[in-house]
$ cat structure_10.csv   # CSV, C-alpha atoms
chain,number,residue,atom,x,y,z
A,79,MET,CA,114.2,81.6,89.6
A,80,LEU,CA,115.7,82.3,93.0
A,81,TRP,CA,118.9,81.3,91.5
A,82,ASP,CA,118.7,84.0,88.8
A,83,LEU,CA,118.1,86.6,91.6
A,84,GLY,CA,121.0,85.1,93.4
A,85,SER,CA,123.2,86.0,90.5
A,86,VAL,CA,122.0,89.6,90.8
A,87,LEU,CA,123.0,89.5,94.5
A,88,MET,CA,126.4,88.0,93.7
A,89,PHE,CA,126.9,90.8,91.2
A,90,MET,CA,126.1,93.4,93.8
A,91,VAL,CA,128.3,91.8,96.4
A,92,THR,CA,131.2,91.4,93.9
A,93,SER,CA,131.0,95.1,92.9
A,94,LEU,CA,131.1,96.1,96.6
A,95,VAL,CA,134.0,93.8,97.3
A,96,ILE,CA,136.0,95.2,94.3
A,97,ILE,CA,135.4,98.8,95.4
A,98,GLY,CA,136.4,97.9,98.9
A,99,ILE,CA,139.6,96.2,97.8
A,100,THR,CA,140.5,99.1,95.6
A,101,LEU,CA,140.0,101.6,98.4
A,102,LEU,CA,141.9,99.4,100.8
A,103,ILE,CA,144.9,99.0,98.4
A,104,ALA,CA,144.9,102.8,97.8
A,105,LYS,CA,144.8,103.3,101.6
A,106,LEU,CA,147.8,101.0,102.1
A,107,PHE,CA,150.1,102.5,99.5
A,108,ARG,CA,149.4,106.2,99.5
A,109,ARG,CA,151.0,108.8,101.7
A,110,ASP,CA,148.8,110.2,104.4
A,111,ASN,CA,149.8,113.7,105.3
A,112,PRO,CA,146.8,115.9,105.7
A,113,THR,CA,147.1,119.6,106.5
A,114,GLU,CA,144.3,122.0,107.3
A,115,GLU,CA,144.7,123.6,103.9
A,116,LYS,CA,144.3,120.2,102.2
A,117,LEU,CA,141.2,119.3,104.2
A,118,THR,CA,139.1,122.3,103.1
A,119,SER,CA,136.5,121.6,100.5
A,120,TYR,CA,137.7,122.3,97.0
A,121,GLU,CA,136.4,125.6,95.6
A,122,CYS,CA,138.5,126.2,92.5
A,123,GLY,CA,141.2,128.0,94.6
A,124,GLU,CA,138.8,130.2,96.5
A,125,ASP,CA,138.5,130.0,100.3
A,126,PRO,CA,135.1,128.4,100.9
A,127,VAL,CA,132.9,130.9,102.7
A,128,GLY,CA,129.5,130.5,104.3
A,129,ASN,CA,127.1,127.6,104.7
A,130,PRO,CA,126.7,125.1,101.9
A,131,TRP,CA,123.0,124.8,102.8
A,132,VAL,CA,121.5,127.4,100.5
A,133,GLN,CA,117.8,127.6,99.6
A,134,PHE,CA,117.3,125.7,96.4
A,135,ASN,CA,115.1,127.0,93.7
A,136,ILE,CA,111.6,125.5,93.9
A,137,ARG,CA,111.8,124.7,90.2
A,138,PHE,CA,114.1,121.8,90.9
A,139,TYR,CA,111.4,120.4,93.1
A,140,VAL,CA,108.7,120.8,90.5
A,141,VAL,CA,110.9,119.0,87.9
A,142,ALA,CA,111.6,116.2,90.3
A,143,LEU,CA,107.9,115.8,91.0
A,144,ILE,CA,107.0,115.5,87.4
A,145,PHE,CA,109.8,113.0,87.0
A,146,LEU,CA,108.4,110.9,89.9
A,147,ILE,CA,104.8,110.8,88.5
A,148,PHE,CA,105.9,109.8,85.0
A,149,GLU,CA,108.3,107.2,86.4
A,150,VAL,CA,105.4,105.5,88.0
A,151,GLU,CA,103.7,105.6,84.6
A,152,ILE,CA,106.7,103.9,83.0
A,153,VAL,CA,106.6,101.2,85.6
A,154,PHE,CA,103.0,100.6,84.8
A,155,LEU,CA,103.9,100.3,81.1
A,156,TYR,CA,106.3,97.4,81.7
A,157,PRO,CA,104.0,94.5,82.7
A,158,TRP,CA,101.6,95.7,80.0
A,159,ALA,CA,104.3,95.5,77.4
A,160,THR,CA,105.0,91.8,78.3
A,161,VAL,CA,101.4,90.8,77.6
A,162,PHE,CA,100.4,93.2,74.9
A,163,LYS,CA,101.2,90.9,72.0
A,164,GLU,CA,99.1,88.0,73.1
A,165,MET,CA,96.2,90.0,74.5
A,166,GLY,CA,95.5,92.1,71.5
A,167,PHE,CA,94.1,95.5,70.6
A,168,PHE,CA,91.9,96.0,73.6
A,169,THR,CA,94.8,96.3,76.0
A,170,PHE,CA,96.3,98.8,73.6
A,171,VAL,CA,93.1,100.9,74.0
A,172,GLU,CA,93.3,100.5,77.8
A,173,MET,CA,96.9,101.7,77.9
A,174,MET,CA,96.2,104.6,75.6
A,175,ILE,CA,93.5,105.7,78.0
A,176,PHE,CA,95.9,105.5,80.9
A,177,VAL,CA,98.6,107.4,79.0
A,178,GLY,CA,96.1,109.9,77.7
A,179,ILE,CA,94.9,110.8,81.1
A,180,LEU,CA,98.4,111.4,82.3
A,181,LEU,CA,99.2,113.5,79.2
A,182,VAL,CA,96.5,115.9,80.4
A,183,GLY,CA,98.7,116.6,83.4
A,184,TYR,CA,101.7,116.9,81.1
A,185,ALA,CA,99.8,119.4,79.0
A,186,TYR,CA,98.8,121.3,82.1
A,187,VAL,CA,102.4,121.8,83.4
A,188,TRP,CA,103.5,122.7,79.9
A,189,VAL,CA,100.9,125.3,79.3
A,190,LYS,CA,101.3,126.8,82.8
A,191,GLY,CA,105.0,127.2,82.2
A,192,ASP,CA,106.3,125.0,84.9
A,193,LEU,CA,108.7,123.4,82.4
A,194,ASN,CA,110.2,126.7,81.3
A,195,TRP,CA,113.4,127.5,83.1
A,196,VAL,CA,113.1,131.2,83.8
A,197,LEU,CA,116.6,132.6,83.3
A,198,PRO,CA,117.5,135.8,85.2
A,199,LYS,CA,117.4,138.7,82.7
A,200,PRO,CA,120.9,139.8,81.8
A,201,LYS,CA,121.1,143.5,82.8
A,202,TYR,CA,123.9,144.8,80.6
A,203,THR,CA,123.2,143.7,77.0
A,204,ALA,CA,124.2,145.3,73.8
A,205,ASP,CA,121.2,147.7,73.6
A,206,PHE,CA,121.4,148.7,77.2
A,207,ASP,CA,121.4,152.4,77.8
A,208,TYR,CA,124.7,153.1,79.6
A,209,SER,CA,124.2,156.8,79.9
A,210,ASN,CA,122.4,156.6,83.2
A,211,VAL,CA,125.0,154.4,84.9
A,212,PRO,CA,127.3,156.7,86.9
A,213,ARG,CA,130.3,154.6,86.1
A,214,PHE,CA,129.9,155.0,82.4
A,215,LYS,CA,129.0,158.7,82.3
A,216,LYS,CA,131.0,161.0,80.2
A,217,PRO,CA,133.4,163.0,82.3
A,218,ASP,CA,131.8,166.2,83.4
A,219,ALA,CA,133.5,169.1,81.6
A,220,GLU,CA,132.7,171.6,84.3
A,221,LYS,CA,134.0,169.4,87.0
A,222,ALA,CA,137.2,168.6,85.2
A,223,ARG,CA,138.0,172.3,84.6
A,224,LYS,CA,137.4,173.0,88.3
A,225,LEU,CA,139.7,170.1,89.3
A,226,GLN,CA,142.4,171.4,86.9
A,227,ALA,CA,142.1,174.9,88.4
A,228,VAL,CA,142.6,173.5,91.9
A,229,GLU,CA,145.7,171.6,90.8
B,99,MET,CA,112.5,78.4,101.8
B,100,LEU,CA,111.9,80.4,105.0
B,101,PRO,CA,108.7,80.1,106.9
B,102,ILE,CA,106.4,83.1,106.7
B,103,GLU,CA,106.7,83.9,110.4
B,104,TYR,CA,110.2,85.4,109.8
B,105,TYR,CA,108.7,87.9,107.5
B,106,LEU,CA,105.8,88.7,109.8
B,107,TRP,CA,108.1,89.4,112.8
B,108,PHE,CA,110.3,91.5,110.6
B,109,ALA,CA,107.3,93.5,109.3
B,110,ALA,CA,106.0,93.9,112.9
B,111,ALA,CA,109.4,95.4,113.9
B,112,LEU,CA,109.5,97.7,111.0
B,113,PHE,CA,105.9,98.9,111.6
B,114,ALA,CA,106.7,99.5,115.3
B,115,ILE,CA,109.7,101.6,114.3
B,116,GLY,CA,107.5,103.6,111.9
B,117,VAL,CA,104.9,104.2,114.7
B,118,ALA,CA,107.6,105.3,117.1
B,119,GLY,CA,108.9,107.8,114.5
B,120,VAL,CA,105.5,109.3,113.9
B,121,LEU,CA,104.9,109.6,117.7
B,122,LEU,CA,108.3,110.8,118.8
B,123,ARG,CA,109.6,113.1,116.2
B,124,ARG,CA,108.5,116.7,115.6
B,125,ASN,CA,110.0,117.2,112.2
B,126,VAL,CA,107.4,116.8,109.4
B,127,ILE,CA,109.8,115.2,107.0
B,128,ILE,CA,110.9,112.6,109.5
B,129,VAL,CA,107.2,111.9,110.2
B,130,PHE,CA,106.8,111.5,106.5
B,131,MET,CA,109.7,109.0,106.2
B,132,SER,CA,108.2,107.0,109.1
B,133,ILE,CA,104.9,106.8,107.3
B,134,GLU,CA,106.8,105.4,104.3
B,135,LEU,CA,108.4,102.8,106.7
B,136,MET,CA,104.9,101.7,107.9
B,137,LEU,CA,103.7,101.4,104.3
B,138,ASN,CA,106.7,99.3,103.5
B,139,ALA,CA,106.1,97.0,106.5
B,140,VAL,CA,102.6,96.4,105.2
B,141,ASN,CA,104.0,95.7,101.7
B,142,VAL,CA,106.3,93.0,103.1
B,143,THR,CA,103.3,91.2,104.7
B,144,PHE,CA,101.4,91.4,101.5
B,145,ILE,CA,104.3,89.9,99.5
B,146,ALA,CA,104.9,87.2,102.1
B,147,PHE,CA,101.3,86.1,102.1
B,148,SER,CA,101.3,86.3,98.3
B,149,ARG,CA,104.0,83.7,98.2
B,150,GLN,CA,102.4,81.7,100.9
B,151,MET,CA,99.0,81.5,99.2
B,152,ASN,CA,100.7,81.1,95.8
B,153,ASN,CA,98.6,84.0,94.6
B,154,ILE,CA,99.8,86.9,92.6
B,155,ASP,CA,97.1,89.4,93.7
B,156,GLY,CA,99.1,90.5,96.7
B,157,GLN,CA,101.8,91.7,94.5
B,158,ILE,CA,99.3,93.8,92.5
B,159,PHE,CA,98.1,95.3,95.8
B,160,VAL,CA,101.7,96.2,96.7
B,161,PHE,CA,102.1,97.8,93.3
B,162,PHE,CA,99.1,100.0,93.8
B,163,VAL,CA,100.3,100.9,97.3
B,164,MET,CA,103.6,102.0,95.8
B,165,THR,CA,101.7,104.2,93.3
B,166,LEU,CA,99.7,105.7,96.1
B,167,ALA,CA,102.9,106.3,98.1
B,168,ALA,CA,104.4,108.1,95.2
B,169,ALA,CA,101.4,110.4,94.8
B,170,GLU,CA,101.3,110.9,98.6
B,171,VAL,CA,104.9,112.0,98.7
B,172,ALA,CA,104.4,114.4,95.8
B,173,VAL,CA,101.5,116.1,97.4
B,174,GLY,CA,102.7,115.9,100.9
B,175,LEU,CA,106.1,117.4,100.2
B,176,ALA,CA,104.5,120.2,98.2
B,177,ILE,CA,102.3,121.0,101.2
B,178,ILE,CA,105.4,120.9,103.5
B,179,VAL,CA,107.3,123.3,101.1
B,180,ALA,CA,104.4,125.6,100.9
B,181,MET,CA,104.0,125.6,104.8
B,182,TYR,CA,107.7,126.3,105.2
B,183,ARG,CA,107.4,129.2,102.9
B,184,ASN,CA,104.6,130.7,105.0
B,185,LYS,CA,105.8,129.8,108.5
B,186,LYS,CA,109.6,129.2,108.1
B,187,SER,CA,109.3,126.1,110.2
B,188,ILE,CA,108.8,122.4,109.6
B,189,ASN,CA,107.9,121.6,113.1
B,190,VAL,CA,104.6,119.7,113.5
B,191,GLN,CA,103.7,121.8,116.5
B,192,ASP,CA,103.8,125.0,114.6
B,193,MET,CA,101.3,123.8,112.1
B,194,ASN,CA,98.2,124.4,114.2
B,195,LEU,CA,96.1,126.6,111.9
B,196,LEU,CA,93.7,125.2,109.3
B,197,LYS,CA,93.9,128.4,107.3
B,198,TRP,CA,96.7,130.9,107.0
C,262,MET,CA,122.0,80.2,103.1
C,263,GLU,CA,118.7,81.7,102.5
C,264,SER,CA,118.2,82.6,106.2
C,265,PHE,CA,121.6,84.2,106.2
C,266,VAL,CA,120.7,86.5,103.3
C,267,PHE,CA,117.4,87.2,105.1
C,268,TYR,CA,119.1,88.2,108.3
C,269,ILE,CA,121.5,90.5,106.4
C,270,PHE,CA,118.7,92.3,104.6
C,271,ALA,CA,116.5,92.4,107.6
C,272,PHE,CA,119.3,93.9,109.7
C,273,MET,CA,119.9,96.4,106.9
C,274,VAL,CA,116.2,97.5,106.9
C,275,VAL,CA,115.7,97.6,110.6
C,276,ALA,CA,119.0,99.4,111.3
C,277,GLY,CA,118.2,101.9,108.5
C,278,GLY,CA,114.7,102.5,110.0
C,279,TRP,CA,116.2,103.0,113.4
C,280,VAL,CA,118.6,105.6,112.1
C,281,VAL,CA,115.8,107.3,110.3
C,282,ILE,CA,113.8,107.9,113.5
C,283,TYR,CA,116.8,108.4,115.8
C,284,SER,CA,119.2,110.6,113.9
C,285,ASN,CA,119.3,114.3,114.6
C,286,ASN,CA,120.5,115.1,111.1
C,287,LEU,CA,117.9,115.1,108.4
C,288,ILE,CA,120.4,114.1,105.7
C,289,TYR,CA,121.5,111.0,107.7
C,290,SER,CA,117.9,110.0,108.0
C,291,ALA,CA,117.3,110.4,104.3
C,292,PHE,CA,120.4,108.3,103.3
C,293,SER,CA,119.6,105.6,105.9
C,294,LEU,CA,116.2,105.4,104.3
C,295,LEU,CA,118.1,104.4,101.1
C,296,PHE,CA,119.5,101.4,102.9
C,297,THR,CA,116.0,100.5,104.1
C,298,PHE,CA,114.5,100.6,100.6
C,299,VAL,CA,117.3,98.6,99.1
C,300,GLY,CA,117.2,96.0,101.8
C,301,LEU,CA,113.4,95.7,101.3
C,302,ALA,CA,114.0,95.2,97.6
C,303,GLY,CA,116.4,92.4,98.5
C,304,LEU,CA,113.7,90.8,100.8
C,305,TYR,CA,111.1,91.0,97.9
C,306,GLY,CA,113.6,89.2,95.7
C,307,LEU,CA,114.0,86.6,98.4
C,308,LEU,CA,110.2,86.2,98.3
C,309,MET,CA,110.3,85.6,94.6
C,310,ALA,CA,108.6,88.9,93.7
C,311,ASP,CA,111.2,90.1,91.2
C,312,PHE,CA,109.0,92.7,89.6
C,313,ILE,CA,108.1,94.2,92.9
C,314,ALA,CA,111.7,94.3,93.9
C,315,ALA,CA,112.6,96.2,90.7
C,316,THR,CA,109.7,98.5,91.2
C,317,GLN,CA,110.8,99.1,94.8
C,318,ILE,CA,114.2,100.3,93.7
C,319,LEU,CA,112.7,102.4,90.8
C,320,ILE,CA,109.9,104.1,92.7
C,321,TYR,CA,111.2,104.3,96.2
C,322,ALA,CA,115.0,104.5,96.0
C,323,GLY,CA,114.9,106.4,92.6
C,324,GLY,CA,111.9,108.6,93.0
C,325,VAL,CA,110.5,109.0,96.5
C,326,LEU,CA,113.9,109.4,98.1
C,327,ILE,CA,115.1,112.0,95.6
C,328,LEU,CA,111.9,113.9,96.2
C,329,LEU,CA,112.4,113.7,99.9
C,330,LEU,CA,116.0,115.0,99.5
C,331,PHE,CA,114.7,117.9,97.5
C,332,GLY,CA,112.1,118.6,100.2
C,333,ILE,CA,114.9,118.7,102.8
C,334,MET,CA,117.0,121.0,100.7
C,335,LEU,CA,114.1,123.3,100.1
C,336,THR,CA,113.2,123.5,103.8
C,337,ALA,CA,116.7,123.7,105.2
C,338,ARG,CA,117.4,126.7,107.2
C,339,LYS,CA,120.6,128.5,106.9
C,340,THR,CA,121.7,128.1,110.5
C,341,SER,CA,120.0,125.0,111.6
C,342,ILE,CA,121.2,121.6,112.4
C,343,GLU,CA,118.0,119.8,113.0
C,344,ILE,CA,117.5,119.3,116.7
C,345,THR,CA,115.1,117.0,118.5
C,346,GLN,CA,112.9,119.0,120.7
C,347,SER,CA,113.1,118.3,124.3
C,348,ASN,CA,109.5,119.0,125.1
C,349,LEU,CA,108.1,116.0,123.2
C,350,PRO,CA,106.4,113.3,125.3
C,351,ARG,CA,109.0,110.6,124.7
C,352,LEU,CA,107.7,108.0,127.1
C,353,PRO,CA,104.1,107.7,125.9
C,354,GLY,CA,105.2,107.4,122.3
C,355,ALA,CA,107.7,104.7,123.1
C,356,ILE,CA,105.1,102.8,125.2
C,357,ILE,CA,102.5,103.0,122.5
C,358,SER,CA,104.8,101.8,119.7
C,359,SER,CA,106.1,98.9,121.8
C,360,LEU,CA,102.6,98.0,122.7
C,361,ILE,CA,101.7,97.9,119.0
C,362,PHE,CA,104.8,95.7,118.5
C,363,LEU,CA,103.8,93.4,121.3
C,364,LEU,CA,100.2,93.2,120.0
C,365,LEU,CA,101.4,92.2,116.5
C,366,MET,CA,103.7,89.6,118.0
C,367,VAL,CA,100.9,88.1,120.1
C,368,VAL,CA,98.8,87.9,117.0
C,369,ILE,CA,101.5,86.2,115.1
C,370,PHE,CA,102.3,83.7,117.8
C,371,SER,CA,98.7,82.9,118.6
C,372,GLU,CA,98.3,81.4,115.2
C,373,PRO,CA,100.5,78.4,115.3
C,374,ASN,CA,99.4,77.1,112.0
C,375,TRP,CA,100.6,79.4,109.3
C,376,ASN,CA,100.5,76.6,106.8
C,377,SER,CA,104.3,76.8,106.6
C,378,ALA,CA,104.4,74.1,104.0
C,379,THR,CA,107.0,75.0,101.4
C,380,ASN,CA,105.4,76.7,98.6
C,381,PRO,CA,107.4,77.1,95.4
C,382,GLY,CA,106.0,80.6,94.7
C,383,VAL,CA,104.7,81.8,91.4
C,384,LYS,CA,107.1,81.6,88.4
C,385,GLU,CA,107.1,84.3,85.8
C,386,THR,CA,105.5,87.1,87.8
C,387,VAL,CA,105.5,89.9,85.2
C,388,PRO,CA,103.2,88.5,82.5
C,389,VAL,CA,100.8,87.3,85.2
C,390,ILE,CA,100.8,90.8,86.7
C,391,GLY,CA,100.3,92.3,83.3
C,392,LYS,CA,97.4,90.0,82.5
C,393,LEU,CA,95.7,90.7,85.9
C,394,LEU,CA,96.2,94.5,85.5
C,395,MET,CA,94.5,94.3,82.1
C,396,THR,CA,91.5,92.2,83.1
C,397,LYS,CA,90.7,91.8,86.8
C,398,TYR,CA,92.2,95.1,88.1
C,399,LEU,CA,91.4,97.2,85.0
C,400,ILE,CA,89.3,99.7,87.0
C,401,PRO,CA,91.9,100.3,89.7
C,402,PHE,CA,94.5,100.6,86.9
C,403,GLU,CA,92.7,103.4,85.2
C,404,LEU,CA,91.8,105.0,88.5
C,405,ALA,CA,95.5,105.0,89.3
C,406,SER,CA,96.1,107.2,86.3
C,407,ILE,CA,93.5,109.6,87.5
C,408,LEU,CA,95.1,109.6,91.0
C,409,LEU,CA,98.5,110.3,89.4
C,410,LEU,CA,97.0,113.1,87.4
C,411,ALA,CA,95.4,114.7,90.4
C,412,ALA,CA,98.6,114.4,92.4
C,413,LEU,CA,100.6,115.9,89.6
C,414,ILE,CA,98.4,118.9,89.0
C,415,GLY,CA,97.7,119.5,92.7
C,416,SER,CA,101.3,119.3,93.9
C,417,VAL,CA,102.6,121.5,91.0
C,418,PHE,CA,99.9,124.0,91.9
C,419,ILE,CA,100.7,124.0,95.6
C,420,ALA,CA,104.5,124.1,95.1
C,421,ARG,CA,104.5,126.9,92.5
C,422,ARG,CA,105.4,130.3,93.9
C,423,GLU,CA,102.5,132.6,94.3
C,424,ASP,CA,104.2,135.6,92.9
C,425,SER,CA,105.0,134.0,89.5

$ encode --input "structure_10.csv" --output "structure tokens"
Amino acid sequence: MLWDLGSVLMFMVTSLVIIGITLLIAKLFRRDNPTEEKLTSYECGEDPVGNPWVQFNIRFYVVALIFLIFEVEIVFLYPWATVFKEMGFFTFVEMMIFVGILLVGYAYVWVKGDLNWVLPKPKYTADFDYSNVPRFKKPDAEKARKLQAVE
Amino acid sequence: MLPIEYYLWFAAALFAIGVAGVLLRRNVIIVFMSIELMLNAVNVTFIAFSRQMNNIDGQIFVFFVMTLAAAEVAVGLAIIVAMYRNKKSINVQDMNLLKW
Amino acid sequence: MESFVFYIFAFMVVAGGWVVIYSNNLIYSAFSLLFTFVGLAGLYGLLMADFIAATQILIYAGGVLILLLFGIMLTARKTSIEITQSNLPRLPGAIISSLIFLLLMVVIFSEPNWNSATNPGVKETVPVIGKLLMTKYLIPFELASILLLAALIGSVFIARREDS
């Protein structure tokens, strides 16, 4: 059995070696002429401004947390699945209890709206009333006449 | 087949590193990672003795420890995030109030 | 050969752990924790615990570490590079941790007879673990689901913004 795991190890080592050789060959053959312009991080043509450390939305964290909990549940399912066939119906009931208890948590986060991604409300939609926005106001007739008189 | 002492020394070293991290660092997240290191050191001992005794129960213990660690990280980081929201700091020494 | 692999993985784990507690940058700590977890999975594989090795990669490297990174990103300040504070009592902490290490070493060395006879280890771990989970450890198994439920609801409740 250690031999089987050894093949896994050899797989990992081989992949690392292949990546290393590829990078090494690229390093040997490419031109290396960095300028300050080239070394800036790529921002689709813009100059990068400010700190990359922005405060993330807490919703990312909540989703990652739900993922972690249910990942643990999946890991519990795996050894059960290997013995389910020979141990019969009782183990099925046990696992359904396990999954059912965790589904309560899933229902909780669903009902409380933690899975909903709250999009920011678009401000200017088709039925938006543009008349109050100064930019879109009809030109004032009185003002225009005054301006013309001045000119 | 390596003798079990190798794994015990290794686990002792990892545990000591975890203790040092908890005692020396003032950042809550680093303290958290150090606790994970200590849990992992204990897991290594469990697995080593499980092989030594030819007994699979140790692996089940490790499995439950991992479950517990996952739950602990979920709740602990939620607490850290909530504290950061209130106090704008993740320094252990700033967390000296039981109630905000 | 086996001891060579052991030393490589052990070095990976210990060096990773050292960087975790020594680095001033939180992101470096988190990524060196990845090396620690992967090296530990390798050691579990060396100890013939294949299921535990896979679980280690799944839960720790795939779940806990991602959550820690999210925690770091959520608590990162705009200006800060994380700095070790100078007022911490370095010496007592170092002394205590090395004392614990010495104590553990003394305990390990004082037992000369660890029954180091070669033991083949258990073959086919996964079905055995499944059987034990369904019979002997049934109550802890169901309690684990309650623990996970409590952790899920509690942490979502704590992490949610108050104003929503």

$ closest_residue --input "structure_10.csv" --among "B:Met99, B:Ser132, B:Asp155, B:Val126" --to "Met181 of chain B" --atoms "all atoms listed in the file"
B:Val126

$ closest_atom_pairs --input "structure_10.csv" --of "chain A" --to "chain C" --cutoff "8 Å" --atoms "all atoms listed in the file" --output "JSON lines"
{"residue": "A:Met79", "atom": "CA", "partner": "C:Lys384", "partner_atom": "CA", "distance": 7.2}
{"residue": "A:Leu80", "atom": "CA", "partner": "C:Met309", "partner_atom": "CA", "distance": 6.5}
{"residue": "A:Leu83", "atom": "CA", "partner": "C:Gly306", "partner_atom": "CA", "distance": 6.6}
{"residue": "A:Asn129", "atom": "CA", "partner": "C:Lys339", "partner_atom": "CA", "distance": 6.9}
{"residue": "A:Trp131", "atom": "CA", "partner": "C:Lys339", "partner_atom": "CA", "distance": 6.0}
{"residue": "A:Val132", "atom": "CA", "partner": "C:Lys339", "partner_atom": "CA", "distance": 6.6}
{"residue": "A:Gln133", "atom": "CA", "partner": "C:Leu335", "partner_atom": "CA", "distance": 5.7}
{"residue": "A:Phe134", "atom": "CA", "partner": "C:Leu335", "partner_atom": "CA", "distance": 5.4}
{"residue": "A:Asn135", "atom": "CA", "partner": "C:Leu335", "partner_atom": "CA", "distance": 7.5}
{"residue": "A:Ile136", "atom": "CA", "partner": "C:Leu335", "partner_atom": "CA", "distance": 7.0}
{"residue": "A:Arg137", "atom": "CA", "partner": "C:Arg421", "partner_atom": "CA", "distance": 8.0}
{"residue": "A:Phe138", "atom": "CA", "partner": "C:Phe331", "partner_atom": "CA", "distance": 7.7}
{"residue": "A:Tyr139", "atom": "CA", "partner": "C:Phe331", "partner_atom": "CA", "distance": 6.0}
{"residue": "A:Val140", "atom": "CA", "partner": "C:Val417", "partner_atom": "CA", "distance": 6.2}
{"residue": "A:Ala142", "atom": "CA", "partner": "C:Leu328", "partner_atom": "CA", "distance": 6.3}
{"residue": "A:Leu143", "atom": "CA", "partner": "C:Leu328", "partner_atom": "CA", "distance": 6.8}
{"residue": "A:Ile144", "atom": "CA", "partner": "C:Leu413", "partner_atom": "CA", "distance": 6.8}
{"residue": "A:Phe145", "atom": "CA", "partner": "C:Gly324", "partner_atom": "CA", "distance": 7.7}
{"residue": "A:Leu146", "atom": "CA", "partner": "C:Gly324", "partner_atom": "CA", "distance": 5.2}
{"residue": "A:Ile147", "atom": "CA", "partner": "C:Leu409", "partner_atom": "CA", "distance": 6.4}
{"residue": "A:Glu149", "atom": "CA", "partner": "C:Ile320", "partner_atom": "CA", "distance": 7.2}
{"residue": "A:Val150", "atom": "CA", "partner": "C:Ile320", "partner_atom": "CA", "distance": 6.7}
{"residue": "A:Glu151", "atom": "CA", "partner": "C:Ser406", "partner_atom": "CA", "distance": 8.0}
{"residue": "A:Val153", "atom": "CA", "partner": "C:Thr316", "partner_atom": "CA", "distance": 6.9}
{"residue": "A:Pro157", "atom": "CA", "partner": "C:Gly391", "partner_atom": "CA", "distance": 4.3}
{"residue": "A:Trp158", "atom": "CA", "partner": "C:Gly391", "partner_atom": "CA", "distance": 4.9}
{"residue": "A:Ala159", "atom": "CA", "partner": "C:Gly391", "partner_atom": "CA", "distance": 7.8}
{"residue": "A:Thr160", "atom": "CA", "partner": "C:Pro388", "partner_atom": "CA", "distance": 5.6}
{"residue": "A:Val161", "atom": "CA", "partner": "C:Pro388", "partner_atom": "CA", "distance": 5.7}
{"residue": "A:Thr169", "atom": "CA", "partner": "C:Met395", "partner_atom": "CA", "distance": 6.4}
{"residue": "A:Glu172", "atom": "CA", "partner": "C:Met395", "partner_atom": "CA", "distance": 7.6}
{"residue": "A:Ile175", "atom": "CA", "partner": "C:Glu403", "partner_atom": "CA", "distance": 7.6}
{"residue": "A:Phe176", "atom": "CA", "partner": "C:Ser406", "partner_atom": "CA", "distance": 5.7}
{"residue": "A:Val177", "atom": "CA", "partner": "C:Ser406", "partner_atom": "CA", "distance": 7.7}
{"residue": "A:Ile179", "atom": "CA", "partner": "C:Ser406", "partner_atom": "CA", "distance": 6.4}
{"residue": "A:Leu180", "atom": "CA", "partner": "C:Leu410", "partner_atom": "CA", "distance": 5.6}
{"residue": "A:Val182", "atom": "CA", "partner": "C:Leu410", "partner_atom": "CA", "distance": 7.6}
{"residue": "A:Gly183", "atom": "CA", "partner": "C:Leu410", "partner_atom": "CA", "distance": 5.6}
{"residue": "A:Tyr186", "atom": "CA", "partner": "C:Ile414", "partner_atom": "CA", "distance": 7.3}
{"residue": "A:Val187", "atom": "CA", "partner": "C:Ile414", "partner_atom": "CA", "distance": 7.5}
{"residue": "A:Asp192", "atom": "CA", "partner": "C:Val417", "partner_atom": "CA", "distance": 7.9}

$ atom_distance --input "structure_10.csv" --atom1 "atom CA of Leu122 of chain B" --atom2 "atom CA of Ile356 of chain C"
10.7 Å

$ closest_residue --input "structure_10.csv" --among "A:Val141, A:Leu94, A:Leu106, A:Cys122" --to "Leu193 of chain A" --atoms "all atoms listed in the file"
A:Val141

$ atom_distance --input "structure_10.csv" --atom1 "atom CA of Gln317 of chain C" --atom2 "atom CA of Met273 of chain C"
15.4 Å

$ residues_around --input "structure_10.csv" --residues "Ala110 of chain B" --least-positions-apart "5" --cutoff "8 Å" --atoms "all atoms listed in the file" --output "list in words"
Ala139 of chain B; Phe362, Leu365 and Met366 of chain C

$ residues_around --input "structure_10.csv" --residues "Tyr283 of chain C" --least-positions-apart "5" --cutoff "10 Å" --atoms "all atoms listed in the file" --output "list in words"
Ile115, Ala118, Gly119, Leu122, Arg123 and Ile128 of chain B; Gly277, Gly278, Tyr289, Ser290 and Thr345 of chain C

$ closest_residue --input "structure_10.csv" --among "B:Asn153, B:Phe108, B:Ile127, B:Leu121" --to "Val140 of chain B" --atoms "all atoms listed in the file"
B:Phe108

$ closest_residue --input "structure_10.csv" --among "B:Trp107, B:Thr143, B:Ile133, B:Met193" --to "chain C" --atoms "all atoms listed in the file"
B:Trp107
